[in-house]
$ cat final_30.txt   # compact mmCIF, C-alpha atoms
# COMPACT_ATOMS: atom_id res chain seq x y z
CA LEU T 26 56.98 173.01 76.48
CA SER T 27 60.13 171.78 78.19
CA THR T 28 62.70 174.03 79.83
CA GLY T 29 65.28 171.34 80.58
CA ALA T 30 64.80 171.69 84.32
CA GLY T 31 66.69 169.03 86.25
CA VAL T 32 68.83 167.98 83.27
CA VAL T 33 72.63 168.26 83.04
CA VAL T 34 73.96 168.70 79.51
CA ALA T 35 77.66 168.04 79.03
CA VAL T 36 79.19 170.16 76.26
CA ILE T 37 82.30 168.42 74.96
CA ASP T 38 84.08 171.25 73.19
CA THR T 39 86.68 173.98 73.77
CA GLY T 40 85.67 174.64 77.37
CA ILE T 41 83.87 177.69 78.64
CA THR T 42 84.43 181.33 79.55
CA PRO T 43 82.60 183.13 82.38
CA HIS T 44 79.50 184.91 81.02
CA SER T 45 76.80 186.87 82.83
CA ASP T 46 74.04 185.27 80.75
CA LEU T 47 75.23 181.71 81.37
CA SER T 48 77.40 181.17 84.45
CA ALA T 49 74.48 180.60 86.83
CA ASN T 50 73.53 177.56 84.74
CA VAL T 51 76.99 175.93 84.79
CA VAL T 52 78.04 172.97 86.95
CA ALA T 53 81.59 171.77 87.50
CA GLY T 54 83.25 170.20 84.47
CA TYR T 55 86.71 168.97 83.56
CA ASP T 56 89.61 169.63 81.18
CA PHE T 57 90.52 166.46 79.25
CA ILE T 58 93.22 167.96 77.01
CA SER T 59 96.22 165.83 77.81
CA THR T 60 98.98 167.96 76.25
CA ALA T 61 99.99 171.28 77.79
CA SER T 62 100.77 172.92 74.45
CA ALA T 63 97.31 172.20 73.03
CA ALA T 64 95.64 173.17 76.30
CA ARG T 65 97.49 176.49 76.71
CA ASP T 66 97.05 176.27 80.49
CA GLY T 67 100.52 174.99 81.33
CA ASN T 68 99.47 171.46 82.21
CA GLY T 69 97.56 168.45 81.01
CA ARG T 70 94.23 167.24 82.37
CA ASP T 71 92.80 169.13 85.32
CA ALA T 72 89.57 170.23 86.96
CA ASN T 73 89.51 173.65 85.22
CA PRO T 74 87.53 173.55 81.95
CA ASN T 75 88.13 177.24 81.20
CA ASP T 76 88.59 177.94 77.49
CA GLU T 77 92.13 179.27 77.03
CA GLY T 78 91.59 179.93 73.33
CA ASP T 79 92.07 177.68 70.32
CA TRP T 80 93.80 180.19 68.03
CA PHE T 81 96.73 178.91 65.97
CA SER T 82 99.11 179.68 63.15
CA GLY T 83 98.95 177.36 60.19
CA ALA T 84 102.53 176.23 60.77
CA GLU T 85 101.55 174.87 64.20
CA CYS T 86 98.70 172.75 62.89
CA GLY T 87 99.92 171.72 59.45
CA VAL T 88 97.41 173.79 57.47
CA ALA T 89 97.73 176.75 55.12
CA TRP T 90 95.82 179.25 57.27
CA ASN T 91 95.84 180.95 60.66
CA ALA T 92 92.79 181.04 62.93
CA ASN T 93 91.53 183.20 65.78
CA SER T 94 89.97 181.61 68.86
CA SER T 95 86.45 180.37 68.29
CA TRP T 96 85.18 180.36 71.90
CA HIS T 97 82.95 177.66 70.48
CA GLY T 98 82.24 175.86 73.75
CA THR T 99 80.76 179.01 75.29
CA HIS T 100 78.70 179.65 72.16
CA VAL T 101 77.25 176.11 72.26
CA ALA T 102 76.64 176.28 76.01
CA GLY T 103 74.74 179.54 75.54
CA THR T 104 72.58 178.06 72.79
CA ILE T 105 71.63 175.33 75.24
CA ALA T 106 71.31 177.07 78.60
CA ALA T 107 71.61 180.86 78.44
CA LEU T 108 69.50 182.32 81.22
CA SER T 109 65.94 183.46 80.63
CA ARG T 110 64.01 186.50 81.87
CA ASN T 111 67.13 188.44 82.85
CA ALA T 112 67.15 191.20 80.19
CA LEU T 113 70.49 189.90 78.85
CA GLY T 114 71.36 188.32 75.54
CA VAL T 115 69.27 185.36 74.45
CA ALA T 116 67.39 182.53 76.13
CA GLY T 117 68.83 179.05 75.69
CA VAL T 118 66.63 176.36 74.18
CA ALA T 119 66.79 174.55 77.53
CA PHE T 120 67.27 177.53 79.85
CA GLY T 121 66.27 175.47 82.89
CA SER T 122 69.06 172.94 82.34
CA LYS T 123 72.61 172.99 83.67
CA VAL T 124 75.63 172.88 81.39
CA GLN T 125 78.71 170.86 82.26
CA PRO T 126 81.73 172.13 80.30
CA VAL T 127 84.00 169.27 79.30
CA ARG T 128 87.07 170.62 77.55
CA ALA T 129 88.53 168.30 74.91
CA LEU T 130 89.37 170.69 72.06
CA GLY T 131 92.22 173.20 72.06
CA LYS T 132 94.90 174.38 69.68
CA CYS T 133 94.79 172.31 66.46
CA GLY T 134 91.62 170.48 67.49
CA GLY T 135 91.48 167.51 69.81
CA ALA T 136 92.85 164.01 70.29
CA LEU T 137 90.41 161.14 69.88
CA SER T 138 91.65 159.59 73.13
CA ASP T 139 90.80 162.81 75.02
CA ILE T 140 87.36 163.07 73.40
CA ALA T 141 86.57 159.42 74.14
CA ASP T 142 87.58 159.81 77.79
CA ALA T 143 85.46 162.96 77.98
CA ILE T 144 82.42 161.02 76.74
CA VAL T 145 82.97 158.28 79.30
CA TRP T 146 83.47 160.73 82.20
CA ALA T 147 80.59 163.02 81.25
CA SER T 148 78.18 160.08 81.30
CA GLY T 149 79.32 158.92 84.73
CA GLY T 150 81.91 156.35 83.69
CA THR T 151 85.34 155.85 85.21
CA VAL T 152 88.47 157.36 83.65
CA ALA T 153 91.85 156.46 85.16
CA GLY T 154 93.44 159.35 87.04
CA VAL T 155 90.34 161.54 86.90
CA PRO T 156 87.96 162.07 89.85
CA ALA T 157 84.42 160.75 89.44
CA ASN T 158 81.89 163.09 87.85
CA PRO T 159 79.63 164.33 90.67
CA THR T 160 76.85 165.31 88.23
CA PRO T 161 76.75 162.85 85.30
CA ALA T 162 75.04 164.24 82.23
CA LYS T 163 71.71 163.03 80.88
CA VAL T 164 72.68 164.55 77.52
CA ILE T 165 76.08 164.94 75.88
CA ASN T 166 76.38 167.56 73.15
CA MET T 167 79.23 167.30 70.66
CA SER T 168 79.07 170.06 68.06
CA ILE T 169 82.37 168.74 66.77
CA GLY T 170 83.53 166.46 64.04
CA GLY T 171 85.91 165.48 61.31
CA GLY T 172 86.07 163.30 58.26
CA GLY T 173 86.33 159.55 58.40
CA ALA T 174 84.70 156.44 59.79
CA CYS T 175 83.42 156.36 63.36
CA GLY T 176 86.06 153.90 64.56
CA ALA T 177 86.13 151.53 67.51
CA THR T 178 87.35 154.06 70.10
CA TYR T 179 84.57 156.56 69.41
CA GLN T 180 81.92 153.85 69.17
CA ALA T 181 82.92 152.13 72.41
CA ALA T 182 82.80 155.41 74.35
CA ILE T 183 79.41 156.32 72.88
CA ASP T 184 77.96 152.86 73.47
CA ALA T 185 79.11 152.96 77.09
CA ALA T 186 77.53 156.40 77.60
CA VAL T 187 74.24 155.30 76.10
CA ALA T 188 74.28 152.16 78.25
CA ARG T 189 74.51 154.45 81.29
CA GLY T 190 71.37 156.27 80.14
CA THR T 191 72.94 159.30 78.44
CA THR T 192 71.67 160.63 75.12
CA VAL T 193 74.54 161.62 72.79
CA VAL T 194 73.77 164.47 70.37
CA VAL T 195 76.26 165.31 67.61
CA ALA T 196 76.62 167.71 64.71
CA ALA T 197 76.13 166.34 61.20
CA GLY T 198 79.41 167.85 60.05
CA ASN T 199 78.77 171.50 59.03
CA SER T 200 79.94 170.73 55.50
CA ASN T 201 76.72 170.48 53.47
CA GLN T 202 77.58 166.84 52.77
CA ASP T 203 76.20 163.46 53.75
CA ALA T 204 76.79 162.94 57.48
CA ALA T 205 77.91 159.38 56.70
CA ALA T 206 81.34 160.84 55.85
CA PHE T 207 81.83 162.57 59.23
CA ARG T 208 82.53 161.30 62.72
CA PRO T 209 80.98 161.16 65.28
CA ALA T 210 77.93 161.93 63.12
CA ASN T 211 78.22 158.50 61.50
CA CYS T 212 78.55 156.57 64.77
CA ALA T 213 75.73 154.33 65.95
CA ASN T 214 73.64 155.28 69.01
CA VAL T 215 73.88 159.05 68.46
CA VAL T 216 71.32 161.70 67.56
CA THR T 217 72.83 163.42 64.52
CA VAL T 218 71.57 166.98 64.04
CA ALA T 219 71.75 168.97 60.81
CA ALA T 220 70.43 172.34 59.66
CA ALA T 221 68.59 173.38 56.53
CA ASN T 222 69.63 176.76 55.12
$ encode --input "final_30.txt" --output "structure tokens"
Amino acid sequence: LSTGAGVVVAVIDTGITPHSDLSANVVAGYDFISTASAARDGNGRDANPNDEGDWFSGAECGVAWNANSSWHGTHVAGTIAALSRNALGVAGVAFGSKVQPVRALGKCGGALSDIADAIVWASGGTVAGVPANPTPAKVINMSIGGGGACGATYQAAIDAAVARGTTVVVAAGNSNQDAAAFRPANCANVVTVAAAN
């Protein structure tokens, strides 16, 4: 039975919020959202991966609906590394691991260029204008996705991460459809994870 001890898991998502059942298992991350309006923090990329909320009105994002904030990055981080034996909440599946929040999704989703740079940085690669990652991840989790082919930008970032020894785990698409139609689920060199029922 593995607890994840000694492993850093980068969660490329909406960022993270402080939480009593998780914060002790969090290492420093980064905010890769390059536009201030999508980031909601008044600037572009910075060293603060705090989730500022991804709520939007449909008019802002070109869709026919409004959405509340998902706080999805915190949810995913808790599934991975929520503390154990503390009489709070749940225990993460790898409660001995450390989560590295890497914020790449904000209002209206995320830019592929930001996500690709987040993959490179999380795995210990160099991104122009961003300080080196002091704790490169052994695992990258991306519970994110959209329709379409993988594409060269996604694939190059993933291949580089895998070449550095990082395992890249991605969601199958959350659409009850063949993962071949969703990226990054359809990229090579990833572990694509689906659910049944």
$ axis_aligned_box --input "final_30.txt" --around "region 40-49 of chain T" --padding-each-side "5 Å" --output "JSON"
{"center_x": 79.9, "center_y": 180.8, "center_z": 82.1, "size_x": 21.6, "size_y": 22.2, "size_z": 19.5}
$ closest_residue --input "final_30.txt" --among "T:Gly190, T:Val215, T:Val155, T:Gly29" --to "Val118 (chain T)" --atoms "only C-alpha atoms"
T:Gly29
$ residues_around --input "final_30.txt" --residues "Asp56 (chain T)" --least-positions-apart "3" --cutoff "7 Å" --atoms "all atoms listed in the file" --output "count of residues only"
8
$ closest_residue --input "final_30.txt" --among "T:Thr178, T:Thr192, T:Ser168, T:Thr160" --to "Ala210 (chain T)" --atoms "all atoms listed in the file"
T:Ser168
$ residues_around --input "final_30.txt" --residues "Asp139 (chain T)" --least-positions-apart "2" --cutoff "6 Å" --atoms "all atoms listed in the file" --output "list in words"
Phe57, Ala129, Ala136, Leu137, Ala141 and Asp142 of chain T
$ residues_around --input "final_30.txt" --residues "region 86-95 of chain T" --least-positions-apart "6" --cutoff "10 Å" --atoms "all atoms listed in the file" --output "JSON, numbers by chain"
{"T": [39, 76, 77, 78, 79, 80, 131, 132, 133, 134]}
$ closest_residue --input "final_30.txt" --among "T:Arg189, T:Lys123, T:Arg65, T:His97" --to "Leu47 (chain T)" --atoms "all atoms listed in the file"
T:Lys123
$ residues_around --input "final_30.txt" --residues "Val52 (chain T)" --least-positions-apart "6" --cutoff "12 Å" --atoms "only C-alpha atoms" --output "list in words"
Val32, Val33, Val34, Ala35, Val36, Ile41, Ala72, Asn73, Pro74, Ala102, Ala106, Ser122, Lys123, Val124, Gln125, Pro126, Val127, Ala147, Asn158, Pro159, Thr160, Pro161 and Ala162 of chain T
$ atom_distance --input "final_30.txt" --atom1 "CA of Leu108 (chain T)" --atom2 "CA of Val194 (chain T)"
21.3 Å
$ closest_residue --input "final_30.txt" --among "T:Ala204, T:Val216, T:Ala197, T:Ala157" --to "Ala53 (chain T)" --atoms "all atoms listed in the file"
T:Ala157
$ atom_distance --input "final_30.txt" --atom1 "CA of Gly173 (chain T)" --atom2 "CA of Phe207 (chain T)"
5.5 Å
$ build_atoms --input "final_30.txt" --residues "region 81-92 of chain T" --atoms "all heavy atoms" --output "PDB file, in the frame of the given file"
ATOM      1  N   PHE T  81      95.491 179.556  66.404  1.00  0.00           N
ATOM      2  CA  PHE T  81      96.730 178.910  65.970  1.00  0.00           C
ATOM      3  C   PHE T  81      97.251 179.566  64.702  1.00  0.00           C
ATOM      4  O   PHE T  81      96.521 180.242  63.989  1.00  0.00           O
ATOM      5  CB  PHE T  81      96.513 177.408  65.716  1.00  0.00           C
ATOM      6  CG  PHE T  81      95.539 177.092  64.606  1.00  0.00           C
ATOM      7  CD1 PHE T  81      95.934 177.070  63.273  1.00  0.00           C
ATOM      8  CD2 PHE T  81      94.220 176.788  64.898  1.00  0.00           C
ATOM      9  CE1 PHE T  81      95.048 176.769  62.252  1.00  0.00           C
ATOM     10  CE2 PHE T  81      93.316 176.482  63.894  1.00  0.00           C
ATOM     11  CZ  PHE T  81      93.736 176.479  62.556  1.00  0.00           C
ATOM     12  N   SER T  82      98.527 179.355  64.450  1.00  0.00           N
ATOM     13  CA  SER T  82      99.110 179.680  63.150  1.00  0.00           C
ATOM     14  C   SER T  82      99.133 178.389  62.345  1.00  0.00           C
ATOM     15  O   SER T  82      99.227 177.290  62.906  1.00  0.00           O
ATOM     16  CB  SER T  82     100.521 180.236  63.307  1.00  0.00           C
ATOM     17  OG  SER T  82     101.399 179.225  63.744  1.00  0.00           O
ATOM     18  N   GLY T  83      99.006 178.539  61.042  1.00  0.00           N
ATOM     19  CA  GLY T  83      98.950 177.360  60.190  1.00  0.00           C
ATOM     20  C   GLY T  83     100.150 176.452  60.367  1.00  0.00           C
ATOM     21  O   GLY T  83     100.027 175.230  60.305  1.00  0.00           O
ATOM     22  N   ALA T  84     101.314 177.046  60.613  1.00  0.00           N
ATOM     23  CA  ALA T  84     102.530 176.230  60.770  1.00  0.00           C
ATOM     24  C   ALA T  84     102.427 175.301  61.971  1.00  0.00           C
ATOM     25  O   ALA T  84     102.997 174.209  61.971  1.00  0.00           O
ATOM     26  CB  ALA T  84     103.741 177.149  60.920  1.00  0.00           C
ATOM     27  N   GLU T  85     101.686 175.700  63.011  1.00  0.00           N
ATOM     28  CA  GLU T  85     101.550 174.870  64.200  1.00  0.00           C
ATOM     29  C   GLU T  85     100.670 173.642  63.947  1.00  0.00           C
ATOM     30  O   GLU T  85     100.852 172.602  64.572  1.00  0.00           O
ATOM     31  CB  GLU T  85     100.909 175.678  65.338  1.00  0.00           C
ATOM     32  CG  GLU T  85     101.752 176.786  65.886  1.00  0.00           C
ATOM     33  CD  GLU T  85     101.015 177.571  66.955  1.00  0.00           C
ATOM     34  OE1 GLU T  85     100.031 178.266  66.615  1.00  0.00           O
ATOM     35  OE2 GLU T  85     101.405 177.467  68.123  1.00  0.00           O
ATOM     36  N   CYS T  86      99.705 173.790  63.057  1.00  0.00           N
ATOM     37  CA  CYS T  86      98.700 172.750  62.890  1.00  0.00           C
ATOM     38  C   CYS T  86      98.748 172.066  61.520  1.00  0.00           C
ATOM     39  O   CYS T  86      97.845 171.283  61.190  1.00  0.00           O
ATOM     40  CB  CYS T  86      97.313 173.337  63.125  1.00  0.00           C
ATOM     41  SG  CYS T  86      97.105 174.016  64.791  1.00  0.00           S
ATOM     42  N   GLY T  87      99.755 172.393  60.725  1.00  0.00           N
ATOM     43  CA  GLY T  87      99.920 171.720  59.450  1.00  0.00           C
ATOM     44  C   GLY T  87      98.894 172.092  58.401  1.00  0.00           C
ATOM     45  O   GLY T  87      98.563 171.281  57.530  1.00  0.00           O
ATOM     46  N   VAL T  88      98.361 173.319  58.481  1.00  0.00           N
ATOM     47  CA  VAL T  88      97.410 173.790  57.470  1.00  0.00           C
ATOM     48  C   VAL T  88      97.934 175.100  56.877  1.00  0.00           C
ATOM     49  O   VAL T  88      98.905 175.675  57.366  1.00  0.00           O
ATOM     50  CB  VAL T  88      96.009 173.996  58.087  1.00  0.00           C
ATOM     51  CG1 VAL T  88      95.426 172.667  58.542  1.00  0.00           C
ATOM     52  CG2 VAL T  88      96.040 174.978  59.244  1.00  0.00           C
ATOM     53  N   ALA T  89      97.252 175.576  55.851  1.00  0.00           N
ATOM     54  CA  ALA T  89      97.730 176.750  55.120  1.00  0.00           C
ATOM     55  C   ALA T  89      97.090 178.056  55.611  1.00  0.00           C
ATOM     56  O   ALA T  89      97.165 179.064  54.930  1.00  0.00           O
ATOM     57  CB  ALA T  89      97.466 176.568  53.632  1.00  0.00           C
ATOM     58  N   TRP T  90      96.468 178.048  56.779  1.00  0.00           N
ATOM     59  CA  TRP T  90      95.820 179.250  57.270  1.00  0.00           C
ATOM     60  C   TRP T  90      96.073 179.430  58.763  1.00  0.00           C
ATOM     61  O   TRP T  90      96.459 178.493  59.459  1.00  0.00           O
ATOM     62  CB  TRP T  90      94.327 179.220  56.989  1.00  0.00           C
ATOM     63  CG  TRP T  90      93.606 178.101  57.691  1.00  0.00           C
ATOM     64  CD1 TRP T  90      93.063 178.126  58.945  1.00  0.00           C
ATOM     65  CD2 TRP T  90      93.358 176.779  57.192  1.00  0.00           C
ATOM     66  NE1 TRP T  90      92.499 176.916  59.258  1.00  0.00           N
ATOM     67  CE2 TRP T  90      92.660 176.071  58.202  1.00  0.00           C
ATOM     68  CE3 TRP T  90      93.651 176.132  55.994  1.00  0.00           C
ATOM     69  CZ2 TRP T  90      92.258 174.760  58.044  1.00  0.00           C
ATOM     70  CZ3 TRP T  90      93.249 174.815  55.855  1.00  0.00           C
ATOM     71  CH2 TRP T  90      92.556 174.141  56.857  1.00  0.00           C
ATOM     72  N   ASN T  91      95.821 180.641  59.236  1.00  0.00           N
ATOM     73  CA  ASN T  91      95.840 180.950  60.660  1.00  0.00           C
ATOM     74  C   ASN T  91      94.403 181.077  61.132  1.00  0.00           C
ATOM     75  O   ASN T  91      93.498 181.339  60.330  1.00  0.00           O
ATOM     76  CB  ASN T  91      96.588 182.261  60.923  1.00  0.00           C
ATOM     77  CG  ASN T  91      98.011 182.218  60.427  1.00  0.00           C
ATOM     78  OD1 ASN T  91      98.627 181.176  60.356  1.00  0.00           O
ATOM     79  ND2 ASN T  91      98.541 183.374  60.059  1.00  0.00           N
ATOM     80  N   ALA T  92      94.150 180.929  62.413  1.00  0.00           N
ATOM     81  CA  ALA T  92      92.790 181.040  62.930  1.00  0.00           C
ATOM     82  C   ALA T  92      92.778 181.741  64.274  1.00  0.00           C
ATOM     83  O   ALA T  92      93.673 181.538  65.100  1.00  0.00           O
ATOM     84  CB  ALA T  92      92.152 179.661  63.064  1.00  0.00           C
TER      85      ALA T  92
END
